[in-house]
Each structure stands twice: as structure tokens, then as C-alpha cells.
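Asks: Take this structure first; my questions come after.
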Amino acid sequence: MRIRRLSGETMQSKSDLQQLAFEALDSFQIEVPSWGFANTGTRFGKFLQAGAASTLEEKFSDAGQVHKLTGVTPTLALHVLWDLPNGTADAGTVHDLANKYGVAAGSINPNLFQDQEFKFGSLCNPSKEIRERAIAHMLDSVAIARKLGSRDISLWLPDGSNYPGTQSIRRRIEWLEEALQKTHKKLAPNQRLLIEYKPFEPAFYHTDIADWGMASHLAAKAGPQARVLVDTGHHYATQNIEQIVAWLLHSGMLGGFHFNDRRYADDDLTLGSIDPYQIFRIFHEIQLSGRKVLSQIAFMIDQSHNLKGKMEAMVQTVVTAQELWLKAALVDRPRLERLQDQCELVAAEELFRGAFWNDVRPVLREWRKLRGLPEDPLAALAESGYVQRVSAERGGKMAPVTSYA
Ligand SMILES: [Mn+2]
């Protein structure tokens, strides 16, 4: 492997770099979402795929296949309403499917955005009765997670309002603080409550958790096991996400990520498809924090592809994430720090950019070979005939369409 260095610097030996690279790859895992395998659409229309998963078993099967090909997706995020309609009673089925397909249940995602009664809000609804039903759903989600041995309950709250003056922003903050405190009280000692934020959509005037500051405040109020979840698609177009990540790391509030890419809004595009350098910069901030912090950060994919093949898109996402993670791992951090201290701006930037431009794909292939994995997971997926097989099996059924933020 060749690492670009400015002249005059000592090159690290090839074997040192390879060891560094393999350690970085061994430390990286990412969770796939059950909804990423199901049919989804836009608010204008749905284009169904014959191979899309409609049952929980099909979602586990797809996730198992992605894990088999990549070796780094051992868990599947589950959505309470879609995947566990009977609540804790479904835990036995999930256990069986996890064993059958070699993928464990991952984060548990409450659903507060589909029920008709949540039209004017769930945890922030002006009706106490509706707020209590929303809280009950949160507590059910904690119970499900506990039964499945899942560490994280991952909340995305759709609440907000569309017009100025139509809701009390401050009373809703109080209701939200209360609801999250009640949820936090039910967490087992090893469980966490992850709080996601989003500046707009589905509400277009104000959303009740609009940014990382609000999410961070709510997490601190909820209790010591609450953290912030950063969805890379949930920011305004010019926001510096790696700076937000740096602040959350600094304050010990970073709980995890929903990775995807975007061009305009919350587009749910493939990670790194529009701005791979941004993901590299985020990964760099995380790697500056060391191994101990890494175990406390949940890497999850939150994408639903309605044009690309779902399996292909998921494998492509995982592979891209690995490539960018590895590039960030190969930043010579001690040297970068020296250059930063000396205000050697161009040299620092070139070192940073140089790591991004490394072609790490040959190292990844070597790592996969050593780990008994296919060297090219996307090619292996095509060769396996998996998509054709499940498309033929599932094509007759009209899978239900879901949407997710
Ligand atoms: Mn998300």
C-alpha cells in the first residue's frame, strides 16, 4: 500500500500500515435497517420491486445475506410497528429468525408517526391522553428491546407544527422532557435512549427536536443513559456535520449515527454517493477519540432506496462505509497535530486530503480474503443469484409500502 506523504517525512513501513488498516477494519461494524429491504416510495408514488422484503423473515434473510457478503453487519434495526406488531410477544420469533439467519436484533425504533391519533403530535400532542398513549408506546419499545437484548432504543420524533402561532413551542418542550424522563426511568442499566433530530419534515414550521442542541438538552434532561443520534440527512444543506460530531464527542453526548447521503433535503441516498469527503471528515473526528469511545457509538444505516436494487444498494453502502472508515484511519494523526500546532496550513490540509485520496480498495480486498469473505461483495452478490431467487419467490406477493424518515 502506498501512502502519500509530503517529501522529507519518513514513510511508515508497509507492514505497520497494513496492521493499522486491518485493526481499523476489524473495529468497524454497521447496522442495517429492516425498512431498507422493504418497498418504499415517495409522497408522489411507489415503484415496487419484486425482490423487496415484506415479512420479517424476508428482512432477516436479506440482512443475513448482506452480513455473509461483508462480514460487518451483525445486527438488524427493527421498527416496532412494522416488524413487531405484537410487541414483546414477537420476541420469540425474532430470536428464532436471528439464529436462522445469523443476524441479531439491533436497535429498536418506536413508531410515533403513523397512527391517525398522532396527527397533531405524539409525545408533544396537546391532548394529555394522546401523549400518554405515545409514552406507553415508548415504554413498550423499551420492554421489547430488553426482551431482545437490544442496547439502543432509537427515537425519531415526527412532532412539530406547520404554521406560526398554532402550537406552544415551550409547552411542548416541557411535555417532551417529561415523556423522555419517563422513558429513561424504564431503561435497564445497559440500555440507552438515542434521540434523533431533524430540522423539518413532516412538519414545516417547527419540529420539536430540530437540531443537535435541542437533542442534547433533551438527552441530558432525560438521564445519564440518553444520547444524541446524528442522521446525516437531517441537516440544512450547508451545515458542518463533522463540527457537530466533534462537539457531541467533546460533551460525551454522541450515541450513534443514521448514515445516508443527501443532495437537497432528507433524500436517503446511498452513503458517500454525493459527498464522500464529508463522511471521511466525520469518521476522522470519531477516530481521534480512540477505541473506548468507538464502542459507545452505534453506526447504523438509514436509507430506503426506491430506484436502486435494495440488496445491491445495501452492500454498496456497507462497502463504501468501510472504504471511508479506512481512509480516515490512515490519517497520520500525530503528524497532523504537529502541523496544526505549527499552523502549516497547506501541509496539514494536504496530509488530510491525501488520506482521503488513497485508493484503499486493494487493502480491503486483502483484509476480506484473510477473513474468509468475498473480495468483492457486490460481485459476489451478483454471482450468488440471491436477488433473482428471492425476486422469483417474492414477486407474486404485493409487499406493503412503508415510508420512513
Ligand atoms: Mn434516521
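Residue numbers start at 1 in each chain; chains themselves are named A, B, ... in the order of the C-alpha cells; ligands are numbered from 1 in the order shown.
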Could you please extract the residues within 10 Å of ligand 1, counting only C-alpha atoms and all ligand atoms, and hand them back as a list of chain:residue names?
Replies: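 The residues within 10 Å of ligand 1, counting only C-alpha atoms and all ligand atoms, are A:Pro33, A:Asn109, A:Ser154, A:Leu155, A:Trp156, A:Leu157, A:Glu196, A:Tyr197, A:Lys198, A:Leu229, A:Val230, A:Asp231, A:Thr232, A:Gly233, A:His234, A:Phe257, A:His258, A:Phe259, A:Asn260, A:Asp266, A:Asp268, A:Met300, A:Ile301, A:Asp302, A:Gln303, A:Tyr404, A:Ala405.
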Asks: Would you list the contacts of Ile144 of chain A as a PyMOL selection string, taking every protein, DNA or RNA residue within 8 Å and counting only C-alpha atoms, but skipping same-chain residues closer than 2 positions in sequence?
Replies: chain A and resi 87-88+91+108+140-142+146-148
Asks: At a cut-off of 8 Å, using only C-alpha atoms, what residues contact segment 281-289 of chain A? Leave out same-chain residues fewer than 3 positions from it and give the result as a list in words.
Replies: Ile241, Glu242, Val245, Ala246, Leu249, Tyr277, Gln278, Lys292, Val293, Leu294, Leu324, Trp325, Ala328, Ala329, Val331 and Arg333 of chain A
Asks: Could you jot down the atom CA of Met214 of chain A to atom CA of Leu123 of chain A separation for me, Å, one decimal place?
Replies: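 Distance reported for this atom pair: 15.1 Å.
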Asks: Where does DSSP see helix (DSSP H, G or I) in segment 124-173 of chain A, if you list the residues as number ranges by chain?
Replies: A: 128-148, 169-173
Asks: Produce a file of the selected residues containing N, CA and C atoms, as a CSV table (one decimal), in the first residue's frame.
Replies:
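File produced: selection.csv:
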```csv
chain,number,residue,atom,x,y,z
A,128,LYS,N,-53.5,15.3,26.7
A,128,LYS,CA,-52.7,14.5,27.7
A,128,LYS,C,-52.9,13.0,27.4
A,129,GLU,N,-54.2,12.7,27.0
A,129,GLU,CA,-54.5,11.3,26.7
A,129,GLU,C,-53.6,10.7,25.6
A,130,ILE,N,-53.5,11.5,24.5
A,130,ILE,CA,-52.7,11.0,23.4
A,130,ILE,C,-51.2,11.0,23.8
A,131,ARG,N,-50.8,12.0,24.5
A,131,ARG,CA,-49.4,12.0,25.0
A,131,ARG,C,-49.1,10.7,25.8
A,132,GLU,N,-50.1,10.3,26.6
A,132,GLU,CA,-49.9,9.1,27.4
A,132,GLU,C,-49.8,7.9,26.6
A,133,ARG,N,-50.6,7.8,25.5
A,133,ARG,CA,-50.6,6.7,24.7
A,133,ARG,C,-49.2,6.6,23.9
A,134,ALA,N,-48.7,7.8,23.6
A,134,ALA,CA,-47.4,7.8,22.9
A,134,ALA,C,-46.3,7.4,23.9
A,135,ILE,N,-46.4,7.8,25.1
A,135,ILE,CA,-45.4,7.4,26.1
A,135,ILE,C,-45.5,5.8,26.3
A,136,ALA,N,-46.8,5.3,26.4
A,136,ALA,CA,-46.9,3.9,26.5
A,136,ALA,C,-46.2,3.1,25.4
A,137,HIS,N,-46.3,3.7,24.2
A,137,HIS,CA,-45.6,3.1,23.1
A,137,HIS,C,-44.0,3.1,23.3
A,138,MET,N,-43.5,4.2,23.8
A,138,MET,CA,-42.1,4.3,24.2
A,138,MET,C,-41.7,3.2,25.2
A,139,LEU,N,-42.6,3.0,26.2
A,139,LEU,CA,-42.3,2.1,27.2
A,139,LEU,C,-42.4,0.6,26.7
A,140,ASP,N,-43.3,0.4,25.8
A,140,ASP,CA,-43.4,-0.9,25.1
A,140,ASP,C,-42.1,-1.1,24.3
A,141,SER,N,-41.6,-0.1,23.7
A,141,SER,CA,-40.4,-0.2,22.9
A,141,SER,C,-39.2,-0.6,23.8
A,142,VAL,N,-39.1,0.0,25.0
A,142,VAL,CA,-38.1,-0.3,25.9
A,142,VAL,C,-38.2,-1.8,26.3
A,143,ALA,N,-39.4,-2.2,26.6
A,143,ALA,CA,-39.7,-3.6,27.0
A,143,ALA,C,-39.3,-4.6,25.9
A,144,ILE,N,-39.6,-4.3,24.7
A,144,ILE,CA,-39.2,-5.1,23.6
A,144,ILE,C,-37.7,-5.2,23.5
A,145,ALA,N,-37.1,-4.1,23.5
A,145,ALA,CA,-35.6,-4.0,23.4
A,145,ALA,C,-35.0,-4.9,24.5
A,146,ARG,N,-35.5,-4.8,25.7
A,146,ARG,CA,-35.0,-5.5,26.9
A,146,ARG,C,-35.1,-7.0,26.6
A,147,LYS,N,-36.3,-7.4,26.1
A,147,LYS,CA,-36.5,-8.8,25.8
A,147,LYS,C,-35.6,-9.4,24.7
A,148,LEU,N,-35.3,-8.5,23.8
A,148,LEU,CA,-34.5,-8.9,22.7
A,148,LEU,C,-33.0,-8.8,22.9
A,169,ILE,N,-44.6,26.3,21.4
A,169,ILE,CA,-43.3,25.6,21.4
A,169,ILE,C,-42.8,25.3,22.8
A,170,ARG,N,-43.0,26.2,23.7
A,170,ARG,CA,-42.4,25.9,25.1
A,170,ARG,C,-43.2,24.9,25.9
A,171,ARG,N,-44.5,24.9,25.8
A,171,ARG,CA,-45.2,23.8,26.5
A,171,ARG,C,-44.9,22.5,25.9
A,172,ARG,N,-44.6,22.4,24.6
A,172,ARG,CA,-44.3,21.1,24.0
A,172,ARG,C,-42.9,20.7,24.5
A,173,ILE,N,-42.0,21.6,24.7
A,173,ILE,CA,-40.7,21.2,25.3
A,173,ILE,C,-40.9,20.5,26.6
```
